[in-house]
Amino acid sequence: MTRPTGYDRCNRYTTIIVDEALRRGLDVEVLDPELGELRIGDGMREEVVIQSLSQRLPAVSYFRCEHKVASRRVLSAAGLPLPAGHVIADDATDETFLRQHGTVVVKPARGEGGEGVTVGVADVAGLHEAVEVARRHHETVLAEEMVEGEDLRVLVIDGSVVAASVRRPPVVVGDGTRTLGHLAEALNAERREREGGIEVPLDDRTLDVLAGQGTSLDDVLDDGRRVVLRRTANVHTGGTITDVTDRLHPSSVETACRAARAVGAPVLGVDLIVPDVDGDGGVIIEVNPMPGLANHEPQPTAQRYLDMLFGAE
Ligand SMILES: Nc1ncnc2c1ncn2[C@@H]1O[C@H](COP(=O)(O)OP(=O)(O)O)[C@@H](O)[C@H]1O
Ligand SMILES: [Mg+2]
């Protein structure tokens, strides 16, 4: 099994697909290693994919996932559970929405990796600031009721749930001697060691999150005190991932499968906030048309993906 040219420059979201394709004896050509664009063939058929994005995904479905206002409309029309939401109009209705829900999340209609998202907005000044931040990413900005619970990612491929994982924001725990800055640096050093470990950016956003907890990088953390470094659980800003496929509540399975049908996506990462990982009552906060297949060890995500494209082995 020789690896195709460009393999070494592919990230693990791409190599997981290449490895499985080679294992099956498929032909693989790397068209763009940075993007993860591949041509995979079995001698009769050829598929061009960009990681988990394939030509089986209709453009309209893609748009419905990419635009959070469109996602909400489609999912809500299908009767799926969503947090209350409101498109920011720059008038008194925004403040009414904030008052109704107490604490809200503000996000750009399009974006990823938590960019431009502000969690835990609780007053009007904070709302204006969060809207301004979100507008830098997209002109349309959405406020949502802030839902408490665990961040669950459910991966649906070809109509079935293949994997689920919980994502948690990065946390450090004090030892009574080291500063928060040292603890965060130690966490990042550990991440650098580990393959695929993503560091927590120690940027203004993180400093704000710390300030919100009454602390800063120079503070020595009391023994056992837990401090979150980011409000969001996005993997790209250092969130952690735990596989929970076997603990998933049937209602989360059903919600995720119905969401994939509603948007019309053959591969979909459905993000829910659930009160408990193995409980019901989750709401959908986002649908991702190009979910990372490598985030679900040890579940057979690349296998099911290639089953979908080339038929089961
Ligand atoms: N309604 C909500 N209630 C609570 N937390 C939320 C809500 N919406 C988003 N979040 C938090 O913010 C993160 C980023 O929001 P998300 O809508 O997934 O945007 P992105 O597309 O940038 O990932 C989520 O992973 C979650 O931790
Ligand atoms: Mg997200």
# chains A, B, ... in the order shown; residues from 1 in each chain; ligands from 1
>>> residues_around(residues="Gly174 of chain A", least_positions_apart="5", cutoff="10 Å", atoms="only C-alpha atoms", output="mmCIF file with C-alpha atoms, in the first residue's frame")
data_model
loop_
_atom_site.group_PDB
_atom_site.id
_atom_site.type_symbol
_atom_site.label_atom_id
_atom_site.label_comp_id
_atom_site.auth_asym_id
_atom_site.auth_seq_id
_atom_site.Cartn_x
_atom_site.Cartn_y
_atom_site.Cartn_z
ATOM 1 C CA THR A 179 -0.241 31.051 38.193
ATOM 2 C CA LEU A 180 -3.058 30.631 35.734
ATOM 3 C CA LEU A 183 -1.131 26.279 34.197
ATOM 4 C CA VAL A 220 -2.003 32.033 41.526
ATOM 5 C CA LEU A 221 -4.965 29.660 41.458
ATOM 6 C CA ASP A 222 -6.169 28.169 44.737
ATOM 7 C CA ASP A 223 -5.708 24.436 45.064
ATOM 8 C CA GLY A 224 -8.592 22.658 43.325
ATOM 9 C CA ARG A 225 -10.151 25.772 41.804
ATOM 10 C CA ARG A 226 -11.404 25.147 38.271
ATOM 11 C CA VAL A 227 -11.240 27.933 35.732
#
>>> residues_near_ligand(ligand="ligand 1", cutoff="10 Å", atoms="only C-alpha atoms and all ligand atoms", output="mmCIF file with N, CA and C atoms, in the first residue's frame")
data_model
loop_
_atom_site.group_PDB
_atom_site.id
_atom_site.type_symbol
_atom_site.label_atom_id
_atom_site.label_comp_id
_atom_site.auth_asym_id
_atom_site.auth_seq_id
_atom_site.Cartn_x
_atom_site.Cartn_y
_atom_site.Cartn_z
ATOM 1 N N CYS A 65 -26.974 24.397 5.937
ATOM 2 C CA CYS A 65 -26.113 24.138 7.103
ATOM 3 C C CYS A 65 -25.248 25.356 7.405
ATOM 4 N N GLU A 66 -24.743 25.968 6.356
ATOM 5 C CA GLU A 66 -23.782 27.057 6.528
ATOM 6 C C GLU A 66 -24.400 28.333 7.083
ATOM 7 N N HIS A 67 -25.668 28.539 6.792
ATOM 8 C CA HIS A 67 -26.329 29.767 7.214
ATOM 9 C C HIS A 67 -27.249 29.441 8.381
ATOM 10 N N LYS A 68 -26.891 29.940 9.568
ATOM 11 C CA LYS A 68 -27.599 29.486 10.770
ATOM 12 C C LYS A 68 -29.066 29.910 10.797
ATOM 13 N N LEU A 82 -35.125 23.355 19.090
ATOM 14 C CA LEU A 82 -34.094 24.390 18.954
ATOM 15 C C LEU A 82 -34.196 25.320 20.153
ATOM 16 N N PRO A 83 -33.091 26.011 20.498
ATOM 17 C CA PRO A 83 -33.236 27.073 21.501
ATOM 18 C C PRO A 83 -34.025 28.218 20.878
ATOM 19 N N ALA A 84 -34.706 29.015 21.695
ATOM 20 C CA ALA A 84 -35.397 30.187 21.150
ATOM 21 C C ALA A 84 -34.364 31.040 20.438
ATOM 22 N N GLY A 85 -34.762 31.652 19.322
ATOM 23 C CA GLY A 85 -33.798 32.437 18.560
ATOM 24 C C GLY A 85 -34.417 33.703 18.022
ATOM 25 N N THR A 103 -30.191 35.349 29.732
ATOM 26 C CA THR A 103 -28.835 35.218 29.195
ATOM 27 C C THR A 103 -28.932 34.650 27.789
ATOM 28 N N VAL A 104 -28.195 35.250 26.868
ATOM 29 C CA VAL A 104 -28.262 34.796 25.477
ATOM 30 C C VAL A 104 -26.871 34.548 24.898
ATOM 31 N N VAL A 105 -26.878 33.906 23.743
ATOM 32 C CA VAL A 105 -25.661 33.687 22.972
ATOM 33 C C VAL A 105 -25.829 34.479 21.678
ATOM 34 N N VAL A 106 -24.786 35.190 21.265
ATOM 35 C CA VAL A 106 -24.858 35.970 20.034
ATOM 36 C C VAL A 106 -23.880 35.367 19.036
ATOM 37 N N LYS A 107 -24.364 35.133 17.818
ATOM 38 C CA LYS A 107 -23.479 34.519 16.818
ATOM 39 C C LYS A 107 -23.750 35.047 15.423
ATOM 40 N N PRO A 108 -22.698 35.090 14.593
ATOM 41 C CA PRO A 108 -22.912 35.470 13.198
ATOM 42 C C PRO A 108 -23.678 34.364 12.481
ATOM 43 N N ALA A 109 -24.488 34.738 11.475
ATOM 44 C CA ALA A 109 -25.274 33.734 10.748
ATOM 45 C C ALA A 109 -24.373 32.709 10.077
ATOM 46 N N ARG A 110 -23.190 33.136 9.651
ATOM 47 C CA ARG A 110 -22.241 32.181 9.076
ATOM 48 C C ARG A 110 -20.925 32.309 9.805
ATOM 49 N N GLY A 111 -20.308 31.182 10.042
ATOM 50 C CA GLY A 111 -19.027 31.198 10.731
ATOM 51 C C GLY A 111 -18.770 29.827 11.283
ATOM 52 N N GLU A 112 -17.559 29.631 11.757
ATOM 53 C CA GLU A 112 -17.259 28.335 12.342
ATOM 54 C C GLU A 112 -16.158 28.473 13.379
ATOM 55 N N GLY A 113 -15.982 27.409 14.125
ATOM 56 C CA GLY A 113 -14.925 27.414 15.128
ATOM 57 C C GLY A 113 -15.184 28.412 16.246
ATOM 58 N N GLY A 114 -16.438 28.782 16.430
ATOM 59 C CA GLY A 114 -16.776 29.693 17.519
ATOM 60 C C GLY A 114 -16.380 31.139 17.249
ATOM 61 N N GLU A 115 -15.916 31.422 16.030
ATOM 62 C CA GLU A 115 -15.479 32.793 15.727
ATOM 63 C C GLU A 115 -16.657 33.755 15.724
ATOM 64 N N GLY A 116 -16.491 34.826 16.466
ATOM 65 C CA GLY A 116 -17.540 35.834 16.519
ATOM 66 C C GLY A 116 -18.698 35.459 17.427
ATOM 67 N N VAL A 117 -18.614 34.317 18.091
ATOM 68 C CA VAL A 117 -19.688 33.872 18.987
ATOM 69 C C VAL A 117 -19.405 34.376 20.402
ATOM 70 N N THR A 118 -20.398 35.000 21.023
ATOM 71 C CA THR A 118 -20.259 35.387 22.426
ATOM 72 C C THR A 118 -21.325 34.650 23.242
ATOM 73 N N VAL A 119 -20.843 33.924 24.222
ATOM 74 C CA VAL A 119 -21.727 33.131 25.082
ATOM 75 C C VAL A 119 -21.931 33.887 26.389
ATOM 76 N N GLY A 120 -23.133 33.814 26.935
ATOM 77 C CA GLY A 120 -23.362 34.379 28.264
ATOM 78 C C GLY A 120 -23.558 35.885 28.275
ATOM 79 N N LEU A 142 -27.427 36.576 14.936
ATOM 80 C CA LEU A 142 -28.488 35.829 15.575
ATOM 81 C C LEU A 142 -28.260 35.824 17.094
ATOM 82 N N ALA A 143 -29.351 36.015 17.843
ATOM 83 C CA ALA A 143 -29.258 35.807 19.297
ATOM 84 C C ALA A 143 -30.045 34.552 19.606
ATOM 85 N N GLU A 144 -29.517 33.756 20.526
ATOM 86 C CA GLU A 144 -30.237 32.554 20.943
ATOM 87 C C GLU A 144 -30.302 32.512 22.450
ATOM 88 N N GLU A 145 -31.361 31.953 22.929
ATOM 89 C CA GLU A 145 -31.479 31.663 24.349
ATOM 90 C C GLU A 145 -30.256 30.835 24.745
ATOM 91 N N MET A 146 -29.629 31.165 25.851
ATOM 92 C CA MET A 146 -28.461 30.391 26.290
ATOM 93 C C MET A 146 -28.947 29.137 27.019
ATOM 94 N N VAL A 147 -28.562 28.004 26.488
ATOM 95 C CA VAL A 147 -29.006 26.727 27.044
ATOM 96 C C VAL A 147 -27.859 26.118 27.834
ATOM 97 N N GLU A 148 -28.144 25.654 29.034
ATOM 98 C CA GLU A 148 -27.100 25.040 29.856
ATOM 99 C C GLU A 148 -27.049 23.543 29.569
ATOM 100 N N GLY A 149 -25.881 23.001 29.567
ATOM 101 C CA GLY A 149 -25.766 21.559 29.394
ATOM 102 C C GLY A 149 -24.470 21.185 28.724
ATOM 103 N N GLU A 150 -24.433 19.952 28.261
ATOM 104 C CA GLU A 150 -23.229 19.440 27.610
ATOM 105 C C GLU A 150 -23.333 19.675 26.105
ATOM 106 N N ASP A 151 -22.180 19.941 25.490
ATOM 107 C CA ASP A 151 -22.074 20.113 24.042
ATOM 108 C C ASP A 151 -21.892 18.741 23.400
ATOM 109 N N LEU A 152 -22.919 18.277 22.720
ATOM 110 C CA LEU A 152 -22.864 16.941 22.132
ATOM 111 C C LEU A 152 -22.776 17.046 20.621
ATOM 112 N N ARG A 153 -21.839 16.324 20.011
ATOM 113 C CA ARG A 153 -21.762 16.244 18.547
ATOM 114 C C ARG A 153 -22.197 14.840 18.137
ATOM 115 N N ARG A 167 -18.080 17.591 23.789
ATOM 116 C CA ARG A 167 -16.990 18.558 23.711
ATOM 117 C C ARG A 167 -17.100 19.495 24.905
ATOM 118 N N ARG A 168 -15.993 19.657 25.564
ATOM 119 C CA ARG A 168 -15.999 20.535 26.746
ATOM 120 C C ARG A 168 -14.974 21.640 26.569
ATOM 121 N N PRO A 169 -15.281 22.811 27.114
ATOM 122 C CA PRO A 169 -14.309 23.910 27.019
ATOM 123 C C PRO A 169 -13.042 23.540 27.786
ATOM 124 N N ARG A 230 -12.028 29.130 27.940
ATOM 125 C CA ARG A 230 -12.891 29.630 26.866
ATOM 126 C C ARG A 230 -14.331 29.328 27.266
ATOM 127 N N ARG A 231 -15.246 30.114 26.756
ATOM 128 C CA ARG A 231 -16.659 29.844 27.027
ATOM 129 C C ARG A 231 -17.204 28.772 26.104
ATOM 130 N N THR A 232 -16.626 28.678 24.901
ATOM 131 C CA THR A 232 -17.153 27.715 23.943
ATOM 132 C C THR A 232 -16.289 26.451 23.925
ATOM 133 N N ALA A 233 -16.920 25.384 23.457
ATOM 134 C CA ALA A 233 -16.253 24.084 23.493
ATOM 135 C C ALA A 233 -15.614 23.723 22.157
ATOM 136 N N ASN A 234 -15.542 24.676 21.225
ATOM 137 C CA ASN A 234 -15.000 24.358 19.901
ATOM 138 C C ASN A 234 -13.602 23.745 19.995
ATOM 139 N N VAL A 235 -13.400 22.705 19.215
ATOM 140 C CA VAL A 235 -12.127 21.992 19.228
ATOM 141 C C VAL A 235 -10.984 22.898 18.760
ATOM 142 N N HIS A 236 -11.307 23.797 17.824
ATOM 143 C CA HIS A 236 -10.260 24.655 17.256
ATOM 144 C C HIS A 236 -9.727 25.680 18.245
ATOM 145 N N GLY A 239 -10.988 23.070 22.899
ATOM 146 C CA GLY A 239 -11.983 22.216 23.567
ATOM 147 C C GLY A 239 -11.547 20.751 23.534
ATOM 148 N N VAL A 270 -24.329 16.909 13.875
ATOM 149 C CA VAL A 270 -25.431 17.623 14.522
ATOM 150 C C VAL A 270 -24.986 17.990 15.932
ATOM 151 N N ASP A 271 -24.953 19.288 16.214
ATOM 152 C CA ASP A 271 -24.515 19.741 17.534
ATOM 153 C C ASP A 271 -25.716 20.035 18.409
ATOM 154 N N LEU A 272 -25.741 19.341 19.542
ATOM 155 C CA LEU A 272 -26.852 19.497 20.480
ATOM 156 C C LEU A 272 -26.313 20.001 21.805
ATOM 157 N N ILE A 273 -27.153 20.695 22.530
ATOM 158 C CA ILE A 273 -26.850 20.888 23.942
ATOM 159 C C ILE A 273 -27.867 20.048 24.690
ATOM 160 N N VAL A 274 -27.352 19.145 25.515
ATOM 161 C CA VAL A 274 -28.217 18.224 26.270
ATOM 162 C C VAL A 274 -27.977 18.424 27.764
ATOM 163 N N VAL A 283 -31.339 20.226 22.555
ATOM 164 C CA VAL A 283 -31.750 21.143 21.482
ATOM 165 C C VAL A 283 -30.590 21.270 20.499
ATOM 166 N N ILE A 284 -30.925 21.512 19.238
ATOM 167 C CA ILE A 284 -29.885 21.617 18.203
ATOM 168 C C ILE A 284 -29.366 23.048 18.154
ATOM 169 N N ILE A 285 -28.049 23.229 18.254
ATOM 170 C CA ILE A 285 -27.496 24.577 18.116
ATOM 171 C C ILE A 285 -26.804 24.789 16.773
ATOM 172 N N GLU A 286 -26.450 23.724 16.110
ATOM 173 C CA GLU A 286 -25.756 23.905 14.837
ATOM 174 C C GLU A 286 -25.729 22.597 14.067
ATOM 175 N N VAL A 287 -25.749 22.692 12.741
ATOM 176 C CA VAL A 287 -25.513 21.503 11.915
ATOM 177 C C VAL A 287 -24.311 21.775 11.022
ATOM 178 N N ASN A 288 -23.410 20.811 10.955
ATOM 179 C CA ASN A 288 -22.148 21.004 10.241
ATOM 180 C C ASN A 288 -22.054 20.030 9.068
#
>>> select_by_dssp(residues="segment 97-234 of chain A", states="alpha helix (DSSP H)", output="PyMOL selection string")
chain A and resi 97-101+124-135+180-193+204-212
>>> atom_distance(atom1="atom CA of Leu35 of chain A", atom2="atom CA of Thr2 of chain A")
20.9 Å
>>> closest_residue(among="A:Leu22, A:Leu31, A:Met290, A:Ala130", to="ligand 2", atoms="only C-alpha atoms and all ligand atoms")
A:Met290
>>> closest_residue(among="A:Leu57, A:Leu98, A:Ala78, A:Val172", to="Ala265 of chain A", atoms="only C-alpha atoms")
A:Leu57
>>> atom_distance(atom1="atom CA of Val74 of chain A", atom2="atom CA of Ala89 of chain A")
20.8 Å
>>> closest_residue(among="A:Val121, A:Val228, A:Val49, A:Val154", to="ligand 2", atoms="only C-alpha atoms and all ligand atoms")
A:Val154
>>> residues_around(residues="segment 184-190 of chain A", least_positions_apart="5", cutoff="10 Å", atoms="only C-alpha atoms", output="PyMOL selection string")
chain A and resi 170-173+178-179+197-202+217+229+238
>>> write_last_selection(atoms="all heavy atoms", output="CSV table (one decimal), in the first residue's frame")
chain,number,residue,atom,x,y,z
A,170,PRO,N,-11.9,24.1,27.4
A,170,PRO,CA,-10.7,23.8,28.1
A,170,PRO,C,-10.7,24.4,29.5
A,170,PRO,O,-11.2,25.5,29.7
A,170,PRO,CB,-9.6,24.5,27.3
A,170,PRO,CG,-10.3,25.5,26.5
A,170,PRO,CD,-11.7,25.0,26.3
A,171,VAL,N,-10.2,23.6,30.5
A,171,VAL,CA,-10.3,24.0,31.9
A,171,VAL,C,-8.9,23.8,32.5
A,171,VAL,O,-8.2,22.9,32.1
A,171,VAL,CB,-11.2,23.0,32.6
A,171,VAL,CG1,-11.2,23.2,34.1
A,171,VAL,CG2,-12.7,23.2,32.1
A,172,VAL,N,-8.5,24.6,33.4
A,172,VAL,CA,-7.3,24.3,34.2
A,172,VAL,C,-7.8,24.3,35.7
A,172,VAL,O,-8.7,24.9,36.1
A,172,VAL,CB,-6.2,25.4,34.1
A,172,VAL,CG1,-5.5,25.3,32.7
A,172,VAL,CG2,-6.7,26.8,34.3
A,173,VAL,N,-7.0,23.5,36.5
A,173,VAL,CA,-7.3,23.3,37.9
A,173,VAL,C,-6.1,23.8,38.7
A,173,VAL,O,-5.0,23.4,38.4
A,173,VAL,CB,-7.7,21.9,38.2
A,173,VAL,CG1,-8.0,21.7,39.7
A,173,VAL,CG2,-8.8,21.4,37.3
A,178,ARG,N,1.0,27.5,41.3
A,178,ARG,CA,1.3,28.1,39.9
A,178,ARG,C,0.3,29.1,39.5
A,178,ARG,O,-0.9,29.1,40.0
A,178,ARG,CB,1.3,26.9,38.9
A,178,ARG,CG,2.6,26.2,38.9
A,178,ARG,CD,2.7,25.1,37.8
A,178,ARG,NE,1.8,24.0,38.1
A,178,ARG,CZ,1.6,23.0,37.2
A,178,ARG,NH1,2.2,23.0,36.0
A,178,ARG,NH2,0.8,22.0,37.5
A,179,THR,N,0.7,30.0,38.7
A,179,THR,CA,-0.2,31.1,38.2
A,179,THR,C,-1.1,30.4,37.1
A,179,THR,O,-0.7,29.4,36.5
A,179,THR,CB,0.5,32.3,37.6
A,179,THR,OG1,1.2,31.8,36.4
A,179,THR,CG2,1.4,32.9,38.6
A,197,GLY,N,-3.5,17.4,19.1
A,197,GLY,CA,-3.9,18.3,20.3
A,197,GLY,C,-3.8,19.7,19.9
A,197,GLY,O,-2.8,20.2,19.3
A,198,ILE,N,-4.9,20.4,20.1
A,198,ILE,CA,-4.9,21.8,19.7
A,198,ILE,C,-4.8,22.7,20.9
A,198,ILE,O,-5.4,22.6,21.9
A,198,ILE,CB,-6.2,22.1,18.9
A,198,ILE,CG1,-6.2,21.4,17.6
A,198,ILE,CG2,-6.4,23.6,18.7
A,198,ILE,CD1,-7.5,21.4,16.9
A,199,GLU,N,-3.9,23.7,20.8
A,199,GLU,CA,-3.6,24.6,21.9
A,199,GLU,C,-4.7,25.6,22.1
A,199,GLU,O,-5.4,26.0,21.2
A,199,GLU,CB,-2.3,25.4,21.7
A,199,GLU,CG,-1.1,24.5,21.6
A,199,GLU,CD,0.2,25.2,21.4
A,199,GLU,OE1,0.4,26.3,22.1
A,199,GLU,OE2,1.0,24.8,20.6
A,200,VAL,N,-4.8,26.0,23.4
A,200,VAL,CA,-5.8,27.1,23.7
A,200,VAL,C,-5.2,28.4,23.4
A,200,VAL,O,-4.1,28.7,24.0
A,200,VAL,CB,-6.2,27.0,25.2
A,200,VAL,CG1,-7.3,28.0,25.6
A,200,VAL,CG2,-6.6,25.6,25.6
A,201,PRO,N,-5.8,29.2,22.5
A,201,PRO,CA,-5.2,30.5,22.3
A,201,PRO,C,-5.3,31.4,23.5
A,201,PRO,O,-6.4,31.5,24.1
A,201,PRO,CB,-6.0,31.1,21.1
A,201,PRO,CG,-7.3,30.2,21.0
A,201,PRO,CD,-7.0,28.9,21.8
A,202,LEU,N,-4.2,32.0,23.9
A,202,LEU,CA,-4.2,32.9,25.1
A,202,LEU,C,-4.4,34.3,24.6
A,202,LEU,O,-3.5,35.1,24.8
A,202,LEU,CB,-3.0,32.6,26.0
A,202,LEU,CG,-2.8,31.2,26.5
A,202,LEU,CD1,-1.6,31.0,27.4
A,202,LEU,CD2,-4.0,30.7,27.3
A,217,LEU,N,-4.2,35.9,34.1
A,217,LEU,CA,-3.1,34.9,33.9
A,217,LEU,C,-2.1,35.0,35.0
A,217,LEU,O,-1.3,34.1,35.3
A,217,LEU,CB,-2.5,35.2,32.5
A,217,LEU,CG,-3.3,34.8,31.3
A,217,LEU,CD1,-2.5,35.1,30.0
A,217,LEU,CD2,-3.6,33.3,31.3
A,229,LEU,N,-11.0,28.3,30.3
A,229,LEU,CA,-10.2,29.2,29.5
A,229,LEU,C,-11.0,29.8,28.4
A,229,LEU,O,-10.6,30.9,27.8
A,229,LEU,CB,-9.0,28.5,29.0
A,229,LEU,CG,-8.0,28.0,30.1
A,229,LEU,CD1,-6.9,27.2,29.5
A,229,LEU,CD2,-7.5,29.1,31.0
A,238,GLY,N,-9.3,24.7,21.5
A,238,GLY,CA,-8.7,24.0,22.6
A,238,GLY,C,-9.8,23.1,23.4
A,238,GLY,O,-9.4,22.6,24.4
>>> closest_residue(among="A:Val133, A:Gln299, A:Ile40, A:Pro289", to="ligand 2", atoms="only C-alpha atoms and all ligand atoms")
A:Pro289
>>> closest_residue(among="A:Pro81, A:Gly292, A:Gly281, A:Pro33", to="ligand 2", atoms="only C-alpha atoms and all ligand atoms")
A:Gly292
>>> residues_around(residues="Val277 of chain A", least_positions_apart="4", cutoff="8 Å", atoms="only C-alpha atoms", output="count of residues only")
7
>>> closest_residue(among="A:Arg194, A:Leu155, A:Gly212, A:Thr240", to="Glu254 of chain A", atoms="only C-alpha atoms")
A:Leu155
>>> residues_around(residues="Ile17 of chain A", least_positions_apart="5", cutoff="12 Å", atoms="only C-alpha atoms", output="ChimeraX atom specification")
/A:7,10-12,22-24,26-30,36-40,49-53,292-294,300-307,309
>>> select_by_dssp(residues="segment 72-187 of chain A", states="strand (DSSP E or B)", output="PyMOL selection string")
chain A and resi 85-87+104-108+118-121+141-145+150-157+160-168+171-173+179
